[in-house]
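Reproduced below: run_31.cif, with mmCIF, C-alpha atoms.
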```
data_work
#
loop_
_atom_site.label_atom_id
_atom_site.label_comp_id
_atom_site.auth_asym_id
_atom_site.auth_seq_id
_atom_site.Cartn_x
_atom_site.Cartn_y
_atom_site.Cartn_z
CA MET A 186 -39.56 8.65 -32.72
CA GLY A 187 -42.30 6.12 -32.19
CA GLN A 188 -46.10 6.02 -32.05
CA HIS A 189 -47.98 6.10 -35.38
CA TYR A 190 -44.84 6.44 -37.49
CA ALA A 191 -43.16 3.40 -35.90
CA LEU A 192 -46.34 1.35 -36.24
CA TRP A 193 -46.54 2.33 -39.91
CA MET A 194 -42.97 1.13 -40.53
CA GLU A 195 -43.74 -2.19 -38.87
CA GLU A 196 -46.92 -2.58 -40.92
CA LYS A 197 -44.76 -2.00 -44.02
CA GLY A 198 -42.52 -4.88 -42.94
CA PHE A 199 -39.67 -2.83 -41.49
CA LYS A 200 -39.49 -4.56 -38.13
CA ASP A 201 -35.95 -3.53 -37.20
CA TRP A 202 -36.46 0.22 -37.64
CA ARG A 203 -34.74 0.83 -34.29
CA LYS A 204 -31.32 0.34 -35.90
CA CYS A 205 -31.92 3.59 -37.82
CA PHE A 206 -32.99 5.78 -34.90
CA TRP A 207 -31.19 7.21 -31.92
CA LYS A 208 -31.57 6.13 -28.34
CA PRO A 209 -33.75 5.82 -26.34
CA ALA A 210 -36.45 4.97 -28.91
CA GLY A 211 -33.92 3.36 -31.22
CA THR A 212 -30.61 1.56 -30.85
CA ALA A 213 -28.40 3.49 -33.30
CA ASP A 214 -25.60 5.83 -32.41
CA ARG A 215 -25.90 9.34 -33.79
CA GLN A 216 -25.29 9.38 -37.53
CA LYS A 217 -24.10 12.26 -39.67
CA TYR A 218 -25.02 13.24 -43.23
CA THR A 219 -25.91 9.76 -44.62
CA TRP A 220 -28.87 8.11 -42.91
CA ASN A 221 -29.05 4.30 -42.97
CA LEU A 222 -32.86 4.52 -43.13
CA PRO A 223 -34.21 3.31 -46.52
CA GLU A 224 -36.04 6.09 -48.31
CA GLU A 225 -39.33 4.18 -48.50
CA PHE A 226 -39.48 4.28 -44.69
CA HIS A 227 -38.52 7.94 -44.33
CA TYR A 228 -41.03 10.10 -42.47
CA ASP A 229 -41.56 12.12 -45.68
CA ALA A 230 -43.01 8.96 -47.25
CA TRP A 231 -45.17 8.33 -44.16
CA ILE A 232 -46.51 11.91 -44.07
CA THR A 233 -47.34 11.75 -47.78
CA GLU A 234 -49.06 8.38 -47.57
CA ARG A 235 -51.21 9.50 -44.64
CA THR A 236 -52.03 12.77 -46.41
CA ASN A 237 -53.04 11.06 -49.65
CA ALA A 238 -55.15 8.52 -47.76
CA LEU A 239 -57.08 11.38 -46.19
CA LEU A 240 -57.54 13.05 -49.59
CA GLU A 241 -58.99 9.83 -50.95
CA GLN A 242 -61.33 9.63 -47.97
CA TYR A 243 -62.49 13.24 -48.44
CA LYS A 244 -63.11 12.63 -52.13
CA LYS A 245 -65.03 9.42 -51.49
CA ASN A 246 -67.27 11.09 -48.91
CA ASP A 247 -67.55 14.34 -50.87
CA ASP A 248 -66.32 16.21 -47.78
CA ASN A 249 -65.01 19.72 -47.53
CA PHE A 250 -61.62 19.60 -45.86
CA PHE A 251 -58.75 21.46 -44.29
CA LEU A 252 -55.56 19.39 -44.34
CA TRP A 253 -52.20 20.39 -42.87
CA ALA A 254 -49.33 18.17 -44.07
CA SER A 255 -46.45 19.10 -41.77
CA PHE A 256 -43.02 17.97 -42.95
CA LEU A 257 -40.19 17.87 -40.42
CA ASP A 258 -37.40 18.63 -42.86
CA PRO A 259 -35.26 20.49 -43.70
CA HIS A 260 -33.99 20.68 -40.15
CA PRO A 261 -30.84 19.82 -38.23
CA PRO A 262 -29.39 17.30 -37.73
CA TYR A 263 -28.24 17.23 -41.35
CA LEU A 264 -29.14 13.66 -42.26
CA VAL A 265 -30.76 12.16 -45.35
CA PRO A 266 -30.91 8.69 -46.98
CA GLU A 267 -29.07 7.73 -50.15
CA PRO A 268 -28.96 8.95 -52.92
CA TRP A 269 -30.06 12.36 -51.63
CA ASP A 270 -26.93 12.69 -49.49
CA LYS A 271 -24.80 12.90 -52.68
CA MET A 272 -27.16 14.94 -54.83
CA TYR A 273 -25.31 18.22 -54.19
CA ASP A 274 -21.54 18.66 -54.35
CA PRO A 275 -20.27 20.88 -51.52
CA ASP A 276 -17.43 22.08 -53.76
CA GLN A 277 -19.96 23.51 -56.20
CA LEU A 278 -21.86 25.47 -53.56
CA THR A 279 -21.29 28.83 -51.92
CA VAL A 280 -22.08 29.92 -48.40
CA SER A 281 -22.75 33.39 -47.09
CA GLU A 282 -20.25 34.95 -44.75
CA GLY A 283 -20.54 37.64 -42.14
CA ARG A 284 -18.36 40.73 -41.90
CA GLU A 285 -15.52 41.18 -39.50
CA GLY A 286 -16.76 42.96 -36.39
CA GLU A 287 -20.35 43.29 -37.58
CA HIS A 288 -21.72 42.24 -34.19
CA ALA A 289 -19.81 44.94 -32.30
CA ARG A 290 -22.92 47.16 -32.21
CA ASN A 291 -25.36 44.29 -31.72
CA PRO A 292 -26.73 42.98 -28.39
CA PRO A 293 -24.27 40.85 -26.37
CA HIS A 294 -25.75 37.46 -27.26
CA PHE A 295 -24.84 38.07 -30.92
CA GLN A 296 -21.23 38.66 -29.90
CA LEU A 297 -21.10 35.56 -27.69
CA THR A 298 -22.08 33.33 -30.61
CA GLN A 299 -18.68 34.13 -32.11
CA GLN A 300 -16.78 32.55 -29.20
CA VAL A 301 -15.61 28.94 -29.09
CA LYS A 302 -17.09 28.25 -25.65
CA PRO A 303 -19.50 31.07 -24.80
CA ASP A 304 -21.14 31.25 -21.39
CA PHE A 305 -24.87 31.79 -21.76
CA THR A 306 -25.63 30.91 -18.16
CA PRO A 307 -26.90 34.45 -17.38
CA TRP A 308 -29.57 33.99 -20.06
CA ARG A 309 -31.14 30.98 -18.34
CA GLU A 310 -34.08 31.89 -16.10
CA PRO A 311 -36.63 30.00 -14.01
CA GLY A 312 -39.67 29.39 -16.16
CA GLY A 313 -37.73 29.53 -19.40
CA ASN A 314 -38.54 27.04 -22.15
CA GLY A 315 -35.71 27.14 -24.65
CA MET A 316 -32.31 28.48 -25.62
CA HIS A 317 -32.34 28.02 -29.42
CA GLY A 318 -29.17 29.39 -30.95
CA PHE A 319 -27.57 30.44 -27.67
CA GLY A 320 -24.25 28.67 -28.13
CA SER A 321 -21.19 28.87 -30.35
CA HIS A 322 -21.97 29.40 -34.04
CA LEU A 323 -18.39 28.96 -35.19
CA LYS A 324 -18.12 26.46 -38.04
CA SER A 325 -15.43 25.89 -40.62
CA ARG A 326 -16.23 26.77 -44.21
CA GLU A 327 -15.95 23.09 -45.12
CA GLU A 328 -18.51 22.09 -42.52
CA LYS A 329 -20.89 24.85 -43.62
CA LEU A 330 -20.67 23.66 -47.23
CA LYS A 331 -21.24 20.01 -46.30
CA ASN A 332 -24.18 20.93 -44.07
CA LEU A 333 -25.66 23.00 -46.90
CA ALA A 334 -25.27 20.16 -49.41
CA ILE A 335 -27.16 17.79 -47.11
CA TYR A 336 -29.71 20.51 -46.31
CA TYR A 337 -30.44 20.88 -50.03
CA GLY A 338 -30.72 17.10 -50.32
CA MET A 339 -33.30 17.07 -47.52
CA ILE A 340 -35.27 19.77 -49.36
CA SER A 341 -35.19 17.84 -52.63
CA LEU A 342 -36.40 14.67 -50.92
CA MET A 343 -39.24 16.62 -49.33
CA ASP A 344 -40.10 18.21 -52.67
CA LYS A 345 -40.46 14.76 -54.21
CA TYR A 346 -43.08 13.77 -51.68
CA ILE A 347 -44.90 17.10 -51.77
CA GLY A 348 -45.11 16.45 -55.50
CA LYS A 349 -46.85 13.16 -54.78
CA ILE A 350 -49.50 15.03 -52.77
CA LEU A 351 -50.05 17.47 -55.64
CA ASP A 352 -50.25 14.51 -58.03
CA LYS A 353 -52.91 12.93 -55.82
CA LEU A 354 -54.99 16.11 -55.91
CA GLU A 355 -54.77 16.03 -59.69
CA GLU A 356 -55.64 12.34 -59.84
CA LEU A 357 -58.73 12.92 -57.68
CA GLY A 358 -59.82 15.93 -59.71
CA LEU A 359 -59.48 18.25 -56.71
CA THR A 360 -56.77 20.64 -57.92
CA ALA A 361 -59.07 23.35 -59.29
CA GLU A 362 -61.16 23.51 -56.11
CA THR A 363 -58.36 23.24 -53.53
CA LEU A 364 -56.47 26.22 -52.17
CA ILE A 365 -52.85 25.19 -51.63
CA VAL A 366 -50.49 27.17 -49.40
CA PHE A 367 -46.83 26.21 -49.05
CA THR A 368 -44.84 27.87 -46.29
CA THR A 369 -42.75 27.18 -43.19
CA ASP A 370 -42.17 28.42 -39.65
CA HIS A 371 -38.79 30.16 -39.93
CA GLY A 372 -35.67 30.54 -42.03
CA HIS A 373 -32.21 29.08 -41.55
CA PHE A 374 -28.66 30.33 -41.23
CA TYR A 375 -25.76 28.54 -42.87
CA GLY A 376 -23.14 31.26 -42.56
CA GLN A 377 -25.05 34.51 -42.93
CA HIS A 378 -23.79 36.94 -40.28
CA ASN A 379 -21.51 34.10 -39.13
CA LEU A 380 -24.57 32.30 -37.71
CA THR A 381 -25.76 28.73 -38.15
CA ALA A 382 -29.18 27.01 -37.92
CA LYS A 383 -31.66 29.20 -35.99
CA GLY A 384 -32.18 31.33 -32.92
CA ALA A 385 -33.55 34.62 -31.65
CA PHE A 386 -31.78 36.62 -34.36
CA HIS A 387 -34.36 38.47 -36.43
CA TYR A 388 -32.39 38.91 -39.62
CA GLU A 389 -34.29 38.57 -42.89
CA ASP A 390 -32.62 35.16 -43.36
CA MET A 391 -34.55 33.97 -40.30
CA ILE A 392 -37.93 35.71 -40.62
CA LYS A 393 -38.48 35.75 -44.39
CA VAL A 394 -39.94 32.38 -45.32
CA PRO A 395 -41.03 30.61 -48.51
CA PHE A 396 -44.65 31.42 -49.28
CA ILE A 397 -46.59 30.07 -52.27
CA VAL A 398 -50.35 30.22 -52.83
CA SER A 399 -51.91 28.18 -55.62
CA MET A 400 -55.38 27.50 -56.97
CA PRO A 401 -55.30 27.19 -60.76
CA GLY A 402 -58.01 29.24 -62.42
CA THR A 403 -58.62 31.28 -59.28
CA VAL A 404 -55.27 32.53 -57.97
CA PRO A 405 -53.26 34.27 -60.74
CA GLU A 406 -50.37 32.03 -61.79
CA GLY A 407 -46.78 33.22 -61.99
CA ARG A 408 -47.43 36.41 -60.03
CA ARG A 409 -44.85 37.62 -57.53
CA SER A 410 -45.65 39.99 -54.70
CA SER A 411 -43.48 41.78 -52.15
CA THR A 412 -46.42 42.70 -49.92
CA LEU A 413 -46.02 41.94 -46.22
CA GLN A 414 -47.65 38.75 -44.97
CA SER A 415 -47.57 37.03 -41.58
CA LEU A 416 -48.19 33.45 -40.53
CA VAL A 417 -50.93 34.73 -38.20
CA ASP A 418 -52.77 35.77 -41.38
CA LEU A 419 -53.24 32.17 -42.46
CA ALA A 420 -56.15 31.28 -40.15
CA PRO A 421 -58.35 34.32 -40.96
CA SER A 422 -57.54 33.98 -44.66
CA PHE A 423 -58.58 30.33 -44.69
CA LEU A 424 -61.79 31.14 -42.83
CA SER A 425 -62.53 33.94 -45.29
CA TRP A 426 -61.94 31.62 -48.23
CA ALA A 427 -64.37 29.11 -46.74
CA GLY A 428 -67.00 31.78 -46.09
CA ILE A 429 -66.73 31.38 -42.31
CA GLU A 430 -66.88 34.37 -39.99
CA ILE A 431 -63.49 35.40 -38.63
CA PRO A 432 -63.41 35.69 -34.81
CA ARG A 433 -62.56 39.25 -33.79
CA THR A 434 -60.03 37.90 -31.29
CA MET A 435 -57.73 36.85 -34.16
CA SER A 436 -54.86 39.27 -34.66
CA GLY A 437 -54.14 38.13 -38.23
CA LEU A 438 -55.48 39.86 -41.33
CA ASP A 439 -57.49 38.39 -44.18
CA GLN A 440 -55.15 38.14 -47.19
CA LYS A 441 -57.71 36.59 -49.57
CA GLU A 442 -57.97 39.60 -51.87
CA VAL A 443 -54.18 39.90 -52.03
CA TRP A 444 -53.88 36.24 -53.00
CA LEU A 445 -56.57 36.75 -55.65
CA GLY A 446 -54.68 39.74 -57.02
CA THR A 447 -57.62 42.13 -56.54
CA ARG A 448 -55.87 44.12 -53.80
CA GLU A 449 -52.25 45.19 -53.52
CA LYS A 450 -51.84 44.84 -49.77
CA VAL A 451 -53.67 44.71 -46.44
CA ARG A 452 -50.65 45.17 -44.15
CA ASP A 453 -48.20 48.00 -43.59
CA HIS A 454 -46.17 46.08 -41.00
CA ILE A 455 -45.52 42.71 -39.41
CA ILE A 456 -44.52 41.74 -35.87
CA VAL A 457 -42.04 38.94 -35.16
CA GLU A 458 -41.36 37.68 -31.66
CA ASN A 459 -39.37 35.21 -29.59
CA ARG A 460 -40.04 34.44 -25.97
CA HIS A 461 -37.87 31.53 -24.88
CA GLN A 462 -37.04 33.05 -21.49
CA PRO A 463 -39.15 35.44 -19.35
CA THR A 464 -36.83 38.43 -19.84
CA THR A 465 -33.47 37.53 -21.36
CA ILE A 466 -34.83 36.02 -24.59
CA HIS A 467 -38.02 38.03 -24.94
CA LEU A 468 -37.99 40.23 -28.02
CA LYS A 469 -40.32 41.78 -30.56
CA THR A 470 -39.46 43.08 -34.00
CA TYR A 471 -41.48 45.57 -36.04
CA VAL A 472 -40.95 45.48 -39.82
CA ASP A 473 -42.45 47.75 -42.45
CA ASP A 474 -41.63 48.18 -46.15
CA ARG A 475 -38.27 49.75 -45.33
CA TYR A 476 -37.30 49.59 -41.68
CA LYS A 477 -36.89 46.96 -39.00
CA ILE A 478 -36.59 47.61 -35.27
CA THR A 479 -36.12 45.04 -32.49
CA VAL A 480 -36.82 45.62 -28.79
CA TYR A 481 -35.60 43.37 -25.96
CA PHE A 482 -37.72 43.20 -22.80
CA LYS A 483 -36.06 45.02 -19.87
CA HIS A 484 -32.93 45.80 -21.89
CA ASP A 485 -31.64 49.07 -23.34
CA TYR A 486 -30.00 47.48 -26.37
CA GLY A 487 -31.81 46.67 -29.60
CA GLY A 488 -31.62 46.37 -33.35
CA PHE A 489 -32.51 48.95 -36.00
CA PHE A 490 -31.87 48.46 -39.72
CA ASP A 491 -32.64 50.35 -42.91
CA LEU A 492 -33.50 47.48 -45.29
CA GLN A 493 -33.38 49.78 -48.31
CA GLU A 494 -29.92 51.23 -47.74
CA ASP A 495 -28.54 48.21 -45.87
CA PRO A 496 -30.29 45.09 -47.23
CA GLY A 497 -27.59 42.85 -45.77
CA GLU A 498 -28.35 44.18 -42.26
CA PHE A 499 -24.75 44.89 -41.34
CA ASN A 500 -25.20 48.37 -39.86
CA ASN A 501 -27.19 48.44 -36.60
CA LEU A 502 -28.47 52.01 -36.21
CA TRP A 503 -29.83 51.55 -32.67
CA ASP A 504 -27.28 53.88 -31.03
CA ASP A 505 -26.74 56.18 -34.03
CA PRO A 506 -27.60 59.80 -33.02
CA ALA A 507 -28.35 60.67 -36.65
CA THR A 508 -31.36 58.31 -36.70
CA ALA A 509 -32.63 58.94 -33.15
CA ASP A 510 -35.84 60.68 -34.30
CA LEU A 511 -36.65 57.90 -36.76
CA LYS A 512 -35.96 55.31 -34.07
CA ARG A 513 -38.44 57.01 -31.72
CA ALA A 514 -41.06 57.10 -34.48
CA LEU A 515 -40.64 53.39 -35.17
CA LEU A 516 -40.83 52.50 -31.49
CA LEU A 517 -44.13 54.36 -31.31
CA LYS A 518 -45.35 52.41 -34.35
CA LEU A 519 -44.42 49.18 -32.58
CA ILE A 520 -46.44 50.22 -29.53
CA HIS A 521 -49.43 51.17 -31.67
CA ALA A 522 -49.20 47.86 -33.54
CA GLU A 523 -49.28 45.90 -30.30
CA MET A 524 -52.19 47.96 -28.97
CA GLY A 525 -54.05 47.31 -32.22
CA ASN A 526 -53.83 43.57 -31.62
CA GLU A 527 -55.88 43.80 -28.43
CA PRO A 528 -59.56 42.96 -29.03
CA ILE A 529 -62.26 45.04 -27.37
CA TRP A 530 -64.07 42.26 -25.58
CA MET A 531 -67.45 43.96 -24.96
CA PRO A 532 -69.03 47.16 -26.24
CA ARG A 533 -69.58 49.88 -23.66
CA VAL A 534 -73.29 49.99 -22.74
CA TRP A 535 -73.43 52.68 -20.05
CA GLY A 536 -72.00 56.17 -19.75
CA ALA A 537 -70.81 56.04 -16.14
#
```
The structure in this file should be written as structure tokens.
Amino acid sequence: MGQHYALWMEEKGFKDWRKCFWKPAGTADRQKYTWNLPEEFHYDAWITERTNALLEQYKKNDDNFFLWASFLDPHPPYLVPEPWDKMYDPDQLTVSEGREGEHARNPPHFQLTQQVKPDFTPWREPGGNGMHGFGSHLKSREEKLKNLAIYYGMISLMDKYIGKILDKLEELGLTAETLIVFTTDHGHFYGQHNLTAKGAFHYEDMIKVPFIVSMPGTVPEGRRSSTLQSLVDLAPSFLSWAGIEIPRTMSGLDQKEVWLGTREKVRDHIIVENRHQPTTIHLKTYVDDRYKITVYFKHDYGGFFDLQEDPGEFNNLWDDPATADLKRALLLKLIHAEMGNEPIWMPRVWGA
């Protein structure tokens, strides 16, 4: 809290914004569910106003542009201004639930999340930079439903202001010549596998994210694709779209032809990774069209799921003798994928 956003609120006449924000920047105690911040001063409104001001500037100067409008929500804490806090009735919602004992074959940190007061001290290492999700994930069904209702309200508020950005593109006559990509950094748990929020748990709920590409008249409308895409593909794809050479040090792939509908796919796998601690929370996951395998640095345990036969990811095959050969094959694919990401810095010029 603070800096440009706080200055913007003051310029808008909201001088006592501190009463809506937590200490130390603000003076408010922590609020829950209903935020006392008026909607017109919400950071969604600020992000949208700044974004639209830049679009107007680009149009006025006839500039080419790349613009990243980064919205903070939806994200814990679950907090949204009126009337969005009442938009969804918790009693009309459903939450996913895990299965009894499903973490018995998973790595130990999965099992610890199901304790009231788990001890994750052994996971903390010198040089570590985060412990996302390494705590108790136990929540009552009522709390999960209320959190989800507010979470949906936060999404709907964000959607309103994203709509204002799209309206501005239309108003400026830029829609047909602007490539729009909507996506996010990770998914969210609200009960799936008895987990909440986020963490180093590479279930589909966490690593499969919203992804929409739009450019009316250029990108086919209404088309759905199940082809594999990765966030590291965004930069090379944008460069390709702009006709700029892609540096060979980029590990992402150019998805332009896939977005245009002229090519079915450019990937046969994706890699997902977390590295919050040097060894204890250092993991890589290889995913192809059917299988997913997760390796933990300096640990013998792992995760291995058949997404076709077990789409809910309840049956970890890591220690199953019947799939040992397939597991070895996938581990080799993971190694090859990582080796393929390494650029060859200079061509060899001598035979010695």
(request) Check what the PyMOL selection byres ((chain A and resi 468-481) around 7) selects in the file above and give those residues as an MDAnalysis selection string. (result) chainID A and resid 453:460 466:467 482:484 486:493 519
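Take CA of Met339 in chain A and CA of Leu264 in chain A: the distance between them is 7.5 Å.
We find CA of Ala254 in chain A and CA of Val451 in chain A to be spaced 27.0 Å apart.
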(message) Going by the chain IDs and residue numbers used in this file, which residues fall under the PyMOL selection byres ((chain A and resi 314-318) around 12)? Write them as a PyMOL selection string.
(response) chain A and resi 294-295+297-299+303+305-313+319-323+373-374+380-387+391+459-467
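Remark: for Phe499 in chain A, the closest of the candidate residues A:Tyr263, A:Tyr388, A:Tyr336, A:Phe206 is A:Tyr388 (distances computed over all atoms listed in the file).
The coordinates place CA of Ser255 in chain A at 14.0 Å from CA of Gly348 in chain A.
Within 12 Å of the point (-25.3, 53.1, -33.4), and counting only C-alpha atoms, the protein, DNA and RNA residues are Glu287, His288, Ala289, Arg290, Asn291, Pro292, Tyr486, Gly487, Gly488, Phe489, Phe490, Phe499, Asn500, Asn501, Leu502, Trp503, Asp504, Asp505, Pro506, Ala507, Thr508, Ala509 and Lys512 of chain A.
In this comparison, which uses only C-alpha atoms, the residue of A:Ala230, A:Leu359, A:Ala191, A:Leu342 approaching Lys244 in chain A most closely is A:Leu359.
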(message) Expand the PyMOL selection byres ((chain A and resi 394-404) around 6) into the explicit residue set it covers here, and present it as a ChimeraX atom specification.
(response) /A:361,364-368,371-372,393,405,445
(message) as a ChimeraX atom specification, please: the residues near range 207-219 of chain A (cut-off 8 Å, only C-alpha atoms, same-chain neighbours under 6 positions excluded).
(response) /A:186-187,262-267,270,332,335
Contact table range 240-295 of chain A vs range 231-234 of chain A, cut-off 12 Å, shortest pair per residue, only C-alpha atoms, as a tab-separated table:
```
residue	atom	partner	partner_atom	distance
A:Leu240	CA	A:Glu234	CA	9.9
A:Glu241	CA	A:Glu234	CA	10.6
A:Leu252	CA	A:Thr233	CA	11.7
A:Trp253	CA	A:Ile232	CA	10.3
A:Ala254	CA	A:Ile232	CA	6.9
A:Ser255	CA	A:Ile232	CA	7.5
A:Phe256	CA	A:Ile232	CA	7.1
A:Leu257	CA	A:Ile232	CA	9.4
A:Asp258	CA	A:Ile232	CA	11.4
```
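Among A:Leu416, A:Ile347, A:Ile520, A:Leu330, the residue with the shortest atom-to-atom distance to Asp370 in chain A, counting only C-alpha atoms, is A:Leu416.
The smallest atom-to-atom distance between Ile392 in chain A and any of A:Lys450, A:Met531, A:Ser415, A:Val280, using only C-alpha atoms, is found for A:Ser415.
Distances here use all atoms listed in the file; by that measure, the residue among A:Phe423, A:Thr434, A:Arg409, A:Glu224 closest to Gly446 in chain A is A:Arg409.
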(request) Using only C-alpha atoms, give me every residue within 7 Å of (-24.4, 25.4, -47.4) in file coordinates, as a ChimeraX atom specification. (result) /A:278-280,329-334,375
